[in-house]
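Chemist: Next comes the structure file protein-v5.cif, holding mmCIF, C-alpha atoms (C1' of nucleotides).
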```cif
data_run
#
loop_
_atom_site.label_atom_id
_atom_site.label_comp_id
_atom_site.auth_asym_id
_atom_site.auth_seq_id
_atom_site.Cartn_x
_atom_site.Cartn_y
_atom_site.Cartn_z
CA MET A 1 -9.28 -1.49 2.31
CA ILE A 2 -10.33 -5.07 1.71
CA ASP A 3 -8.80 -7.39 4.31
CA VAL A 4 -6.69 -10.46 3.71
CA LYS A 5 -9.52 -12.82 4.63
CA THR A 6 -11.54 -11.48 1.72
CA LEU A 7 -8.54 -11.60 -0.61
CA CYS A 8 -8.12 -15.30 0.25
CA LEU A 9 -11.81 -15.98 -0.32
CA GLY A 10 -11.46 -14.34 -3.70
CA VAL A 11 -8.63 -16.62 -4.74
CA LEU A 12 -10.40 -19.71 -3.37
CA SER A 13 -13.58 -18.79 -5.23
CA ARG A 14 -11.68 -19.70 -8.41
CA GLY A 15 -10.59 -23.11 -7.12
CA ASP A 16 -8.98 -25.02 -4.25
CA ALA A 17 -5.55 -23.82 -3.22
CA SER A 18 -2.92 -24.00 -0.51
CA GLY A 19 -1.58 -21.01 1.39
CA TYR A 20 1.51 -21.07 -0.76
CA GLU A 21 -0.54 -21.08 -3.96
CA ILE A 22 -2.65 -18.19 -2.71
CA ARG A 23 0.53 -16.23 -2.13
CA LYS A 24 1.63 -16.92 -5.69
CA GLU A 25 -1.59 -15.42 -7.01
CA PHE A 26 -0.62 -12.12 -5.45
CA GLU A 27 2.88 -12.35 -6.84
CA GLU A 28 2.14 -13.35 -10.41
CA GLY A 29 -1.51 -13.65 -11.38
CA PRO A 30 -3.89 -10.94 -12.61
CA LEU A 31 -4.61 -10.03 -8.98
CA SER A 32 -0.98 -9.16 -8.37
CA HIS A 33 -1.19 -5.70 -9.92
CA PHE A 34 -3.60 -4.18 -7.43
CA SER A 35 -3.64 -6.51 -4.42
CA ASP A 36 -1.05 -8.03 -2.15
CA ALA A 37 -0.68 -10.28 0.89
CA GLY A 38 2.27 -12.07 2.46
CA PHE A 39 2.50 -15.33 4.38
CA GLY A 40 2.37 -13.45 7.64
CA SER A 41 -1.14 -12.34 6.78
CA ILE A 42 -2.41 -15.30 4.76
CA TYR A 43 -1.86 -18.08 7.30
CA PRO A 44 -3.62 -16.30 10.18
CA ALA A 45 -6.41 -15.33 7.77
CA LEU A 46 -6.90 -18.96 6.69
CA LYS A 47 -7.05 -19.99 10.35
CA ARG A 48 -9.82 -17.51 11.05
CA LEU A 49 -11.73 -18.47 7.90
CA LEU A 50 -11.60 -22.09 9.04
CA ASP A 51 -12.94 -21.12 12.47
CA ASP A 52 -15.76 -19.17 10.82
CA GLY A 53 -16.66 -22.07 8.53
CA GLN A 54 -16.04 -20.05 5.40
CA ILE A 55 -13.46 -22.51 4.14
CA VAL A 56 -12.68 -26.17 4.83
CA MET A 57 -9.45 -28.11 4.67
CA LEU A 58 -9.38 -30.99 2.20
CA PRO A 59 -8.02 -34.30 3.51
CA HIS A 60 -4.71 -34.76 1.68
CA ASN A 61 -4.72 -38.09 -0.12
CA GLY A 62 -1.93 -39.87 1.76
CA ASP A 63 0.12 -40.20 -1.43
CA GLY A 64 3.64 -38.91 -1.74
CA ARG A 65 4.00 -35.42 -0.35
CA PRO A 66 3.05 -35.05 3.27
CA ASP A 67 2.22 -31.41 3.88
CA LYS A 68 0.42 -29.07 1.42
CA LYS A 69 -2.91 -28.22 3.01
CA LEU A 70 -5.58 -27.59 0.38
CA TYR A 71 -8.43 -25.27 1.22
CA ARG A 72 -11.88 -25.05 -0.34
CA ILE A 73 -14.43 -22.24 -0.04
CA THR A 74 -17.85 -23.10 1.46
CA PRO A 75 -21.26 -21.63 0.54
CA SER A 76 -20.98 -19.46 3.64
CA GLY A 77 -17.62 -18.27 2.36
CA ARG A 78 -19.05 -17.42 -1.07
CA HIS A 79 -21.75 -15.42 0.62
CA ALA A 80 -19.23 -13.50 2.72
CA LEU A 81 -17.17 -12.80 -0.41
CA TYR A 82 -20.22 -11.49 -2.24
CA GLN A 83 -21.07 -9.20 0.66
CA SER A 84 -17.57 -7.74 0.49
CA LEU A 85 -17.69 -7.34 -3.28
CA ILE A 86 -20.86 -5.24 -3.26
CA LYS A 87 -19.58 -2.81 -0.65
CA THR A 88 -18.55 0.60 -1.98
CA PRO A 89 -14.85 0.23 -2.76
CA SER A 90 -12.47 2.55 -0.92
CA ALA A 91 -10.22 4.93 -2.84
CA ASP A 92 -7.23 3.59 -4.77
CA LYS A 93 -3.84 3.94 -3.14
CA LEU A 94 -0.54 4.60 -4.84
CA ARG A 95 2.64 4.22 -2.83
CA SER A 96 5.95 5.09 -4.34
CA ASP A 97 9.24 5.52 -2.56
CA LEU A 98 10.72 6.76 -5.80
CA MET A 99 8.25 9.62 -6.03
CA PHE A 100 8.89 10.60 -2.43
CA ILE A 101 12.61 10.65 -3.16
CA LEU A 102 12.23 12.61 -6.39
CA SER A 103 10.16 15.28 -4.67
CA PHE A 104 13.44 16.07 -2.87
CA GLY A 105 15.36 15.86 -6.11
CA HIS A 106 17.19 19.15 -5.52
CA LEU A 107 18.95 17.60 -2.49
CA LEU A 108 20.41 14.71 -4.48
CA PRO A 109 23.37 14.28 -6.84
CA PRO A 110 22.12 14.68 -10.44
CA ARG A 111 23.91 11.53 -11.56
CA HIS A 112 22.21 9.52 -8.87
CA LEU A 113 18.83 10.94 -9.85
CA ASP A 114 19.39 10.00 -13.46
CA ARG A 115 20.38 6.48 -12.50
CA ILE A 116 17.42 5.64 -10.28
CA ILE A 117 14.98 7.02 -12.85
CA GLY A 118 16.63 5.03 -15.62
CA ASP A 119 16.51 1.87 -13.53
CA ARG A 120 12.83 2.34 -12.85
CA ILE A 121 12.08 2.87 -16.53
CA SER A 122 13.77 -0.47 -17.26
CA ASP A 123 11.71 -2.16 -14.56
CA TYR A 124 8.47 -0.89 -16.03
CA ARG A 125 9.45 -1.69 -19.61
CA GLN A 126 10.20 -5.23 -18.48
CA MET A 127 6.84 -5.57 -16.76
CA ILE A 128 5.06 -4.20 -19.81
CA ALA A 129 6.80 -6.68 -22.09
CA THR A 130 5.86 -9.58 -19.81
CA LEU A 131 2.24 -8.47 -19.65
CA GLU A 132 2.00 -8.09 -23.41
CA VAL A 133 3.08 -11.70 -23.92
CA GLU A 134 0.85 -13.10 -21.18
CA GLY A 135 -2.13 -11.10 -22.35
CA SER A 136 -2.16 -12.85 -25.66
CA THR A 137 -1.50 -16.37 -24.34
CA ALA A 138 -2.96 -16.97 -20.88
CA HIS A 139 -6.64 -17.71 -20.45
CA ARG A 140 -8.53 -15.00 -18.58
CA THR A 141 -12.08 -14.10 -17.58
CA PRO A 142 -13.41 -10.75 -18.84
CA GLY A 143 -12.84 -9.26 -15.40
CA GLU A 144 -9.26 -10.43 -15.32
CA ARG A 145 -8.59 -9.09 -18.79
CA PHE A 146 -10.04 -5.76 -17.75
CA VAL A 147 -7.81 -5.57 -14.70
CA GLU A 148 -4.69 -6.61 -16.57
CA GLY A 149 -5.48 -4.03 -19.22
CA MET A 150 -5.64 -1.39 -16.52
CA GLY A 151 -2.27 -2.54 -15.19
CA LEU A 152 -0.79 -2.24 -18.64
CA ALA A 153 -2.29 1.21 -19.15
CA ILE A 154 -0.86 2.50 -15.89
CA TYR A 155 2.59 0.98 -16.43
CA ARG A 156 2.76 2.56 -19.87
CA ALA A 157 1.71 5.93 -18.51
CA VAL A 158 4.35 5.78 -15.77
CA ALA A 159 7.16 4.62 -18.08
CA GLY A 160 6.19 7.23 -20.66
CA TYR A 161 6.11 10.05 -18.13
CA LEU A 162 9.46 9.08 -16.66
CA GLU A 163 11.02 9.01 -20.10
CA GLU A 164 9.56 12.32 -21.16
CA HIS A 165 10.35 14.32 -18.03
CA ARG A 166 13.54 12.69 -16.81
CA HIS A 167 15.75 15.36 -18.33
CA GLU A 168 13.86 18.28 -16.81
CA LEU A 169 14.37 16.99 -13.30
CA VAL A 170 18.02 16.12 -13.78
CA ALA A 171 18.65 19.51 -15.36
CA ALA A 172 17.06 21.29 -12.41
CA ALA A 173 19.19 19.26 -10.00
CA LEU A 174 22.28 20.17 -12.00
CA MET A 175 21.51 23.88 -11.70
CA GLU A 176 20.93 23.46 -7.98
CA SER A 177 24.23 21.65 -7.46
CA GLN A 178 26.13 24.41 -9.27
CA VAL A 179 24.67 27.05 -6.98
CA ALA A 180 25.61 25.13 -3.84
CA MET B 181 8.84 0.89 1.95
CA ILE B 182 9.96 4.12 3.54
CA ASP B 183 8.81 4.34 7.16
CA VAL B 184 6.77 7.10 8.76
CA LYS B 185 9.78 8.49 10.60
CA THR B 186 11.43 9.27 7.28
CA LEU B 187 8.22 10.68 5.84
CA CYS B 188 8.01 13.08 8.79
CA LEU B 189 11.64 14.09 8.35
CA GLY B 190 10.88 14.83 4.73
CA VAL B 191 8.05 17.18 5.61
CA LEU B 192 10.07 18.87 8.36
CA SER B 193 13.00 19.38 6.00
CA ARG B 194 10.81 21.97 4.26
CA GLY B 195 10.00 23.85 7.45
CA ASP B 196 8.79 23.56 11.04
CA ALA B 197 5.44 21.87 11.51
CA SER B 198 3.12 20.28 14.04
CA GLY B 199 1.87 16.71 13.87
CA TYR B 200 -1.40 17.97 12.54
CA GLU B 201 0.27 19.97 9.81
CA ILE B 202 2.38 16.98 8.81
CA ARG B 203 -0.79 15.00 8.45
CA LYS B 204 -2.25 17.65 6.16
CA GLU B 205 0.76 17.37 3.85
CA PHE B 206 -0.18 13.74 3.21
CA GLU B 207 -3.78 14.66 2.65
CA GLU B 208 -3.40 17.63 0.34
CA GLY B 209 0.15 18.57 -0.65
CA PRO B 210 2.27 17.23 -3.51
CA LEU B 211 3.33 14.34 -1.29
CA SER B 212 -0.24 13.15 -0.95
CA HIS B 213 -0.33 11.34 -4.27
CA PHE B 214 2.28 8.70 -3.48
CA SER B 215 2.73 8.74 0.30
CA ASP B 216 0.45 8.49 3.30
CA ALA B 217 0.49 8.46 7.09
CA GLY B 218 -2.19 8.84 9.73
CA PHE B 219 -2.07 10.26 13.25
CA GLY B 220 -1.69 6.79 14.67
CA SER B 221 1.67 6.53 12.91
CA ILE B 222 2.84 10.14 12.98
CA TYR B 223 2.69 10.80 16.71
CA PRO B 224 4.67 7.69 17.72
CA ALA B 225 7.15 8.49 14.94
CA LEU B 226 7.66 12.03 16.23
CA LYS B 227 8.23 10.64 19.71
CA ARG B 228 10.95 8.32 18.45
CA LEU B 229 12.54 11.07 16.35
CA LEU B 230 12.69 13.25 19.47
CA ASP B 231 14.35 10.43 21.42
CA ASP B 232 16.88 9.98 18.64
CA GLY B 233 17.64 13.70 18.51
CA GLN B 234 16.62 13.99 14.86
CA ILE B 235 14.02 16.63 15.66
CA VAL B 236 13.47 19.09 18.51
CA MET B 237 10.31 20.63 19.89
CA LEU B 238 10.11 24.40 19.73
CA PRO B 239 9.02 26.25 22.91
CA HIS B 240 5.56 27.60 22.06
CA ASN B 241 5.50 31.33 22.62
CA GLY B 242 2.99 31.58 25.48
CA ASP B 243 0.59 33.62 23.34
CA GLY B 244 -3.01 32.69 22.81
CA ARG B 245 -3.33 29.04 21.81
CA PRO B 246 -2.01 26.59 24.35
CA ASP B 247 -1.20 23.36 22.56
CA LYS B 248 0.22 23.02 19.01
CA LYS B 249 3.66 21.51 19.38
CA LEU B 250 5.99 22.70 16.63
CA TYR B 251 8.82 20.44 15.59
CA ARG B 252 12.07 21.33 13.83
CA ILE B 253 14.50 19.00 12.10
CA THR B 254 18.12 18.88 13.40
CA PRO B 255 21.34 18.38 11.41
CA SER B 256 21.31 14.77 12.59
CA GLY B 257 17.80 14.49 11.22
CA ARG B 258 18.81 15.93 7.87
CA HIS B 259 21.61 13.42 7.68
CA ALA B 260 19.24 10.53 8.46
CA LEU B 261 16.83 11.81 5.78
CA TYR B 262 19.61 11.97 3.23
CA GLN B 263 20.68 8.42 4.03
CA SER B 264 17.12 7.23 3.40
CA LEU B 265 16.84 9.21 0.16
CA ILE B 266 19.90 7.63 -1.42
CA LYS B 267 18.83 4.06 -0.68
CA THR B 268 17.55 2.12 -3.67
CA PRO B 269 13.80 2.76 -3.67
CA SER B 270 11.54 -0.27 -3.36
CA ALA B 271 9.01 -1.10 -6.06
CA ASP B 272 5.89 1.02 -6.45
CA LYS B 273 2.69 -0.37 -4.99
CA LEU B 274 -0.81 0.01 -6.37
CA ARG B 275 -3.71 -0.99 -4.19
CA SER B 276 -7.21 -0.92 -5.55
CA ASP B 277 -10.30 -2.47 -4.03
CA LEU B 278 -12.16 -1.55 -7.17
CA MET B 279 -9.83 -3.60 -9.37
CA PHE B 280 -10.11 -6.58 -7.02
CA ILE B 281 -13.89 -6.32 -7.22
CA LEU B 282 -13.93 -5.92 -11.00
CA SER B 283 -11.79 -9.00 -11.47
CA PHE B 284 -14.88 -10.85 -10.19
CA GLY B 285 -17.14 -8.81 -12.42
CA HIS B 286 -18.98 -11.87 -13.72
CA LEU B 287 -20.36 -12.50 -10.21
CA LEU B 288 -21.93 -9.06 -9.88
CA PRO B 289 -25.12 -7.39 -11.18
CA PRO B 290 -24.28 -5.50 -14.40
CA ARG B 291 -26.06 -2.36 -13.21
CA HIS B 292 -24.01 -2.32 -10.04
CA LEU B 293 -20.81 -2.74 -12.04
CA ASP B 294 -21.72 0.16 -14.27
CA ARG B 295 -22.46 2.37 -11.29
CA ILE B 296 -19.26 1.79 -9.35
CA ILE B 297 -17.17 2.33 -12.48
CA GLY B 298 -19.03 5.52 -13.30
CA ASP B 299 -18.58 6.79 -9.76
CA ARG B 300 -14.87 6.15 -9.91
CA ILE B 301 -14.54 7.96 -13.22
CA SER B 302 -16.18 11.00 -11.61
CA ASP B 303 -13.78 10.81 -8.68
CA TYR B 304 -10.76 10.80 -10.95
CA ARG B 305 -12.11 13.56 -13.21
CA GLN B 306 -12.59 15.67 -10.11
CA MET B 307 -9.04 15.02 -8.89
CA ILE B 308 -7.66 15.83 -12.34
CA ALA B 309 -9.56 19.12 -12.47
CA THR B 310 -8.26 20.09 -9.02
CA LEU B 311 -4.70 19.25 -9.96
CA GLU B 312 -4.88 21.22 -13.20
CA VAL B 313 -5.87 24.36 -11.31
CA GLU B 314 -3.29 23.90 -8.55
CA GLY B 315 -0.54 23.10 -11.01
CA SER B 316 -0.80 26.52 -12.59
CA THR B 317 -1.18 28.52 -9.37
CA ALA B 318 0.65 26.95 -6.41
CA HIS B 319 4.39 27.44 -6.03
CA ARG B 320 6.37 24.20 -6.35
CA THR B 321 9.97 23.02 -6.47
CA PRO B 322 11.04 21.17 -9.64
CA GLY B 323 10.79 17.87 -7.74
CA GLU B 324 7.28 18.64 -6.58
CA ARG B 325 6.20 19.62 -10.08
CA PHE B 326 7.63 16.39 -11.40
CA VAL B 327 5.73 14.33 -8.85
CA GLU B 328 2.47 16.19 -9.38
CA GLY B 329 2.87 15.73 -13.09
CA MET B 330 3.22 12.00 -12.57
CA GLY B 331 0.08 12.01 -10.45
CA LEU B 332 -1.79 13.78 -13.21
CA ALA B 333 -0.48 11.38 -15.86
CA ILE B 334 -1.60 8.34 -13.88
CA TYR B 335 -5.02 9.73 -13.02
CA ARG B 336 -5.62 10.54 -16.66
CA ALA B 337 -4.55 7.07 -17.73
CA VAL B 338 -6.88 5.46 -15.19
CA ALA B 339 -9.87 7.66 -16.02
CA GLY B 340 -9.29 7.16 -19.74
CA TYR B 341 -9.02 3.40 -19.43
CA LEU B 342 -12.16 3.17 -17.31
CA GLU B 343 -14.09 5.24 -19.84
CA GLU B 344 -12.87 3.28 -22.83
CA HIS B 345 -13.38 -0.23 -21.46
CA ARG B 346 -16.35 0.22 -19.17
CA HIS B 347 -18.82 -1.07 -21.75
CA GLU B 348 -16.88 -4.25 -22.49
CA LEU B 349 -16.96 -5.36 -18.87
CA VAL B 350 -20.61 -4.51 -18.34
CA ALA B 351 -21.53 -6.29 -21.57
CA ALA B 352 -19.68 -9.42 -20.44
CA ALA B 353 -21.47 -9.33 -17.10
CA LEU B 354 -24.80 -8.98 -18.89
CA MET B 355 -24.12 -12.10 -20.97
CA GLU B 356 -23.12 -13.96 -17.83
CA SER B 357 -26.28 -12.95 -15.96
CA GLN B 358 -28.47 -14.16 -18.84
CA VAL B 359 -26.88 -17.58 -18.76
CA ALA B 360 -27.40 -17.95 -15.00
"C1'" DC C 361 27.80 -38.68 -7.57
"C1'" DA C 362 28.02 -35.10 -4.40
"C1'" DA C 363 27.01 -30.55 -3.66
"C1'" DG C 364 24.81 -26.57 -4.31
"C1'" DT C 365 20.85 -23.88 -5.83
"C1'" DG C 366 16.22 -22.79 -6.28
"C1'" DA C 367 11.45 -23.80 -6.03
"C1'" DT C 368 7.78 -25.73 -3.09
"C1'" DG C 369 5.56 -25.63 1.26
"C1'" DC C 370 4.36 -24.48 6.27
"C1'" DA C 371 4.70 -21.38 10.04
"C1'" DT C 372 5.90 -17.76 13.65
"C1'" DC C 373 7.33 -13.40 15.71
"C1'" DG C 374 8.36 -8.62 16.56
"C1'" DA C 375 7.96 -4.17 14.79
"C1'" DT C 376 5.15 -1.27 12.38
"C1'" DA C 377 1.11 0.80 10.63
"C1'" DC C 378 -3.85 1.40 10.29
"C1'" DG C 379 -8.38 2.94 11.66
"C1'" DA C 380 -11.41 4.19 14.87
"C1'" DT C 381 -12.12 6.77 18.71
"C1'" DA C 382 -11.80 10.28 22.55
"C1'" DT C 383 -11.13 14.91 23.95
"C1'" DA C 384 -10.93 19.89 23.71
"C1'" DT C 385 -10.84 24.60 21.76
"C1'" DA C 386 -11.77 28.09 18.26
"C1'" DA C 387 -14.34 30.01 14.47
"C1'" DC C 388 -18.35 30.69 12.07
"C1'" DA C 389 -22.88 30.09 10.38
"C1'" DA C 390 -27.92 29.14 11.21
"C1'" DT D 391 -27.37 29.33 21.11
"C1'" DT D 392 -26.85 25.57 18.83
"C1'" DG D 393 -24.55 23.03 15.52
"C1'" DT D 394 -20.77 22.28 12.37
"C1'" DT D 395 -16.31 22.46 10.68
"C1'" DA D 396 -11.41 23.02 11.37
"C1'" DT D 397 -7.60 22.83 14.47
"C1'" DA D 398 -4.98 19.97 17.46
"C1'" DT D 399 -3.12 16.00 20.39
"C1'" DA D 400 -3.22 11.36 21.65
"C1'" DT D 401 -4.21 6.26 22.47
"C1'" DC D 402 -5.59 1.48 21.71
"C1'" DG D 403 -6.69 -2.85 19.59
"C1'" DT D 404 -6.17 -5.09 15.48
"C1'" DA D 405 -4.08 -6.07 11.07
"C1'" DT D 406 -0.34 -6.16 8.37
"C1'" DC D 407 4.53 -6.42 6.95
"C1'" DG D 408 9.05 -8.26 6.60
"C1'" DA D 409 12.32 -11.22 8.05
"C1'" DT D 410 13.42 -15.57 9.43
"C1'" DG D 411 13.43 -20.62 10.22
"C1'" DC D 412 12.80 -25.14 8.72
"C1'" DA D 413 11.98 -28.95 5.84
"C1'" DT D 414 11.58 -31.52 1.11
"C1'" DC D 415 12.20 -32.19 -3.72
"C1'" DA D 416 14.09 -31.26 -8.34
"C1'" DC D 417 17.61 -29.89 -11.14
"C1'" DT D 418 22.04 -28.72 -12.62
"C1'" DT D 419 26.93 -28.30 -12.39
"C1'" DG D 420 31.55 -29.51 -11.42
#
```
Take the structure in this file and express it as structure tokens.
Modeler:
Amino acid sequence: MIDVKTLCLGVLSRGDASGYEIRKEFEEGPLSHFSDAGFGSIYPALKRLLDDGQIVMLPHNGDGRPDKKLYRITPSGRHALYQSLIKTPSADKLRSDLMFILSFGHLLPPRHLDRIIGDRISDYRQMIATLEVEGSTAHRTPGERFVEGMGLAIYRAVAGYLEEHRHELVAAALMESQVA
Amino acid sequence: MIDVKTLCLGVLSRGDASGYEIRKEFEEGPLSHFSDAGFGSIYPALKRLLDDGQIVMLPHNGDGRPDKKLYRITPSGRHALYQSLIKTPSADKLRSDLMFILSFGHLLPPRHLDRIIGDRISDYRQMIATLEVEGSTAHRTPGERFVEGMGLAIYRAVAGYLEEHRHELVAAALMESQVA
DNA sequence: CAAGTGATGCATCGATACGATATATAACAA
DNA sequence: TTGTTATATATCGTATCGATGCATCACTTG
């Protein structure tokens, strides 16, 4: 998997940013769907990138706000980013607590099962609605549009599957609970 | 996210297993699609589960093979598993190096783009074919069938999206490379 | 106008997890 | 007999995660 240093270089390749702003990219932006990094990884990564000369810190114009360290990618940093981008990408990873839980569906109360599935459907429907609005308003590069489209496609597939098969699983759990 | 201790308890709730066999479950079984754990996490987890009395080690019948430590879940372990299963599951996570790379598609050679997308489509088509065979042969609980079905639905959505939008992205990269 | 809430912003720390590596045996093919 | 693959345990350094702490500023709400 791509490391946090490279993720930061990727964000900075689009423009100067602070650690906090980089974090936001992984929480909201087009990169948020398939990448992630928290403060605990970003700040150490920025430190190492500084040491390696792949980014520089901009002198904050002594105006109002004191802190907010802005970082800018260097040519060396762009080169390192490019080298990472042309490496063969590792396999995609899906992690889902819900799916782990549902694979033990027969051990759980049917009502509880039905609730957590319903909640998750709502979550996905909400995300889909948000994406559909953003997709038509926000300005995006072709790559970003492609990635957001993939996010949308996956979210729809997940929400659709949950809706279509929810009853089967709950019904099976009901049978199980009547036996026990 | 659910920790490796709980993942191990989940596997052991289906039957006794060694560390190696637990690993295999995350590489092949129905749990492999949405969960993962390597040796470096499993062995320490088993050690802690032993300390906590949530699993026990079975005395290996002094037959042929020497090593192979078999573990069995205890009632205390089943209780701990249940407690984890009824917690509100955290949000699903998708990680994809490929999507990160493609979001910078305009920086990359169009031919390279086309190749890595094509390779990934093949990977997914292969996984889908494997799953379709297994789904009709292997014996599964309702929960496992549900989870495998979700895996299949997502893989199909991803492969389909890649196939349908591949050209758009490559075309955009071509335009970009002619400008530069 | 005070007081609370939430967003902005930096940073650290411990627990956990990851990935590579080492070691050894058994089975099976070349 | 040599090599390869599968079985099997285990460790170690590094990277990452998640929670927490601490400010400041803006906004709203009684």
Chemist: Compute the chain D side of the contact with chain B at 9 Å, counting all atoms listed in the file, and hand it back as a list in words.
Modeler: DT397, DA398, DT399, DA400 and DT401 of chain D
Chemist: Could you list, with a cut-off of 6 Å and counting all atoms listed in the file, the residues of chain B near chain A, each shown with its nearest atom pair and the distance in Å rounded to one decimal, rows sorted by chain and ascending number, as JSON lines?
Modeler:
```
{"residue": "B:Phe214", "atom": "CA", "partner": "A:Arg95", "partner_atom": "CA", "distance": 4.5}
{"residue": "B:Ser215", "atom": "CA", "partner": "A:Arg95", "partner_atom": "CA", "distance": 5.5}
{"residue": "B:Leu265", "atom": "CA", "partner": "A:Ile101", "partner_atom": "CA", "distance": 5.6}
{"residue": "B:Pro269", "atom": "CA", "partner": "A:Asp97", "partner_atom": "CA", "distance": 5.4}
{"residue": "B:Asp272", "atom": "CA", "partner": "A:Ser96", "partner_atom": "CA", "distance": 4.6}
{"residue": "B:Lys273", "atom": "CA", "partner": "A:Arg95", "partner_atom": "CA", "distance": 5.1}
{"residue": "B:Leu274", "atom": "CA", "partner": "A:Leu94", "partner_atom": "CA", "distance": 4.8}
{"residue": "B:Arg275", "atom": "CA", "partner": "A:Phe34", "partner_atom": "CA", "distance": 4.5}
{"residue": "B:Ser276", "atom": "CA", "partner": "A:Asp92", "partner_atom": "CA", "distance": 4.6}
{"residue": "B:Asp277", "atom": "CA", "partner": "A:Pro89", "partner_atom": "CA", "distance": 5.4}
{"residue": "B:Leu278", "atom": "CA", "partner": "A:Pro89", "partner_atom": "CA", "distance": 5.5}
{"residue": "B:Ile281", "atom": "CA", "partner": "A:Leu85", "partner_atom": "CA", "distance": 5.6}
{"residue": "B:Leu282", "atom": "CA", "partner": "A:Gly143", "partner_atom": "CA", "distance": 5.6}
{"residue": "B:Ser283", "atom": "CA", "partner": "A:Gly143", "partner_atom": "CA", "distance": 4.1}
{"residue": "B:Phe284", "atom": "CA", "partner": "A:Gly143", "partner_atom": "CA", "distance": 5.8}
{"residue": "B:Gly285", "atom": "CA", "partner": "A:Gly143", "partner_atom": "CA", "distance": 5.3}
{"residue": "B:Gly323", "atom": "CA", "partner": "A:Ser103", "partner_atom": "CA", "distance": 4.1}
{"residue": "B:Glu324", "atom": "CA", "partner": "A:Ser103", "partner_atom": "CA", "distance": 4.8}
```
Chemist: Could you check the closest approach to chain B for each of C:DA371, C:DA382, C:DA390, C:DA377 and tell me which residue wins, using all atoms listed in the file?
Modeler: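 Counting all atoms listed in the file, the residue closest to chain B is C:DA377.
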Chemist: If the PyMOL selection byres ((chain C) within 12 of (chain A)) were run on this exact file, what residues would it hold? Put them as a list in words.
Modeler: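 Here the PyMOL selection byres ((chain C) within 12 of (chain A)) matches DA367, DT368, DG369, DC370, DA371, DT372, DC373, DG374, DC378 and DG379 of chain C.
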Chemist: State, in Å with one decimal place, the distance from atom CA of A:Thr74 to atom CA of A:Leu50.
Modeler: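 Between atom CA of A:Thr74 and atom CA of A:Leu50 the gap works out to 9.9 Å.
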Chemist: Pick the closest to C:DA380 from D:DA409, D:DC402, D:DA396, D:DC417: which is it, counting all atoms listed in the file?
Modeler: D:DC402
Chemist: The PyMOL selection byres ((chain B and resi 226) around 12) - which residues does that actually catch in the file I just gave you? List them as number ranges by chain.
Modeler: B: 183-189, 191-192, 197-200, 202-203, 219-225, 227-237, 249-253, 257
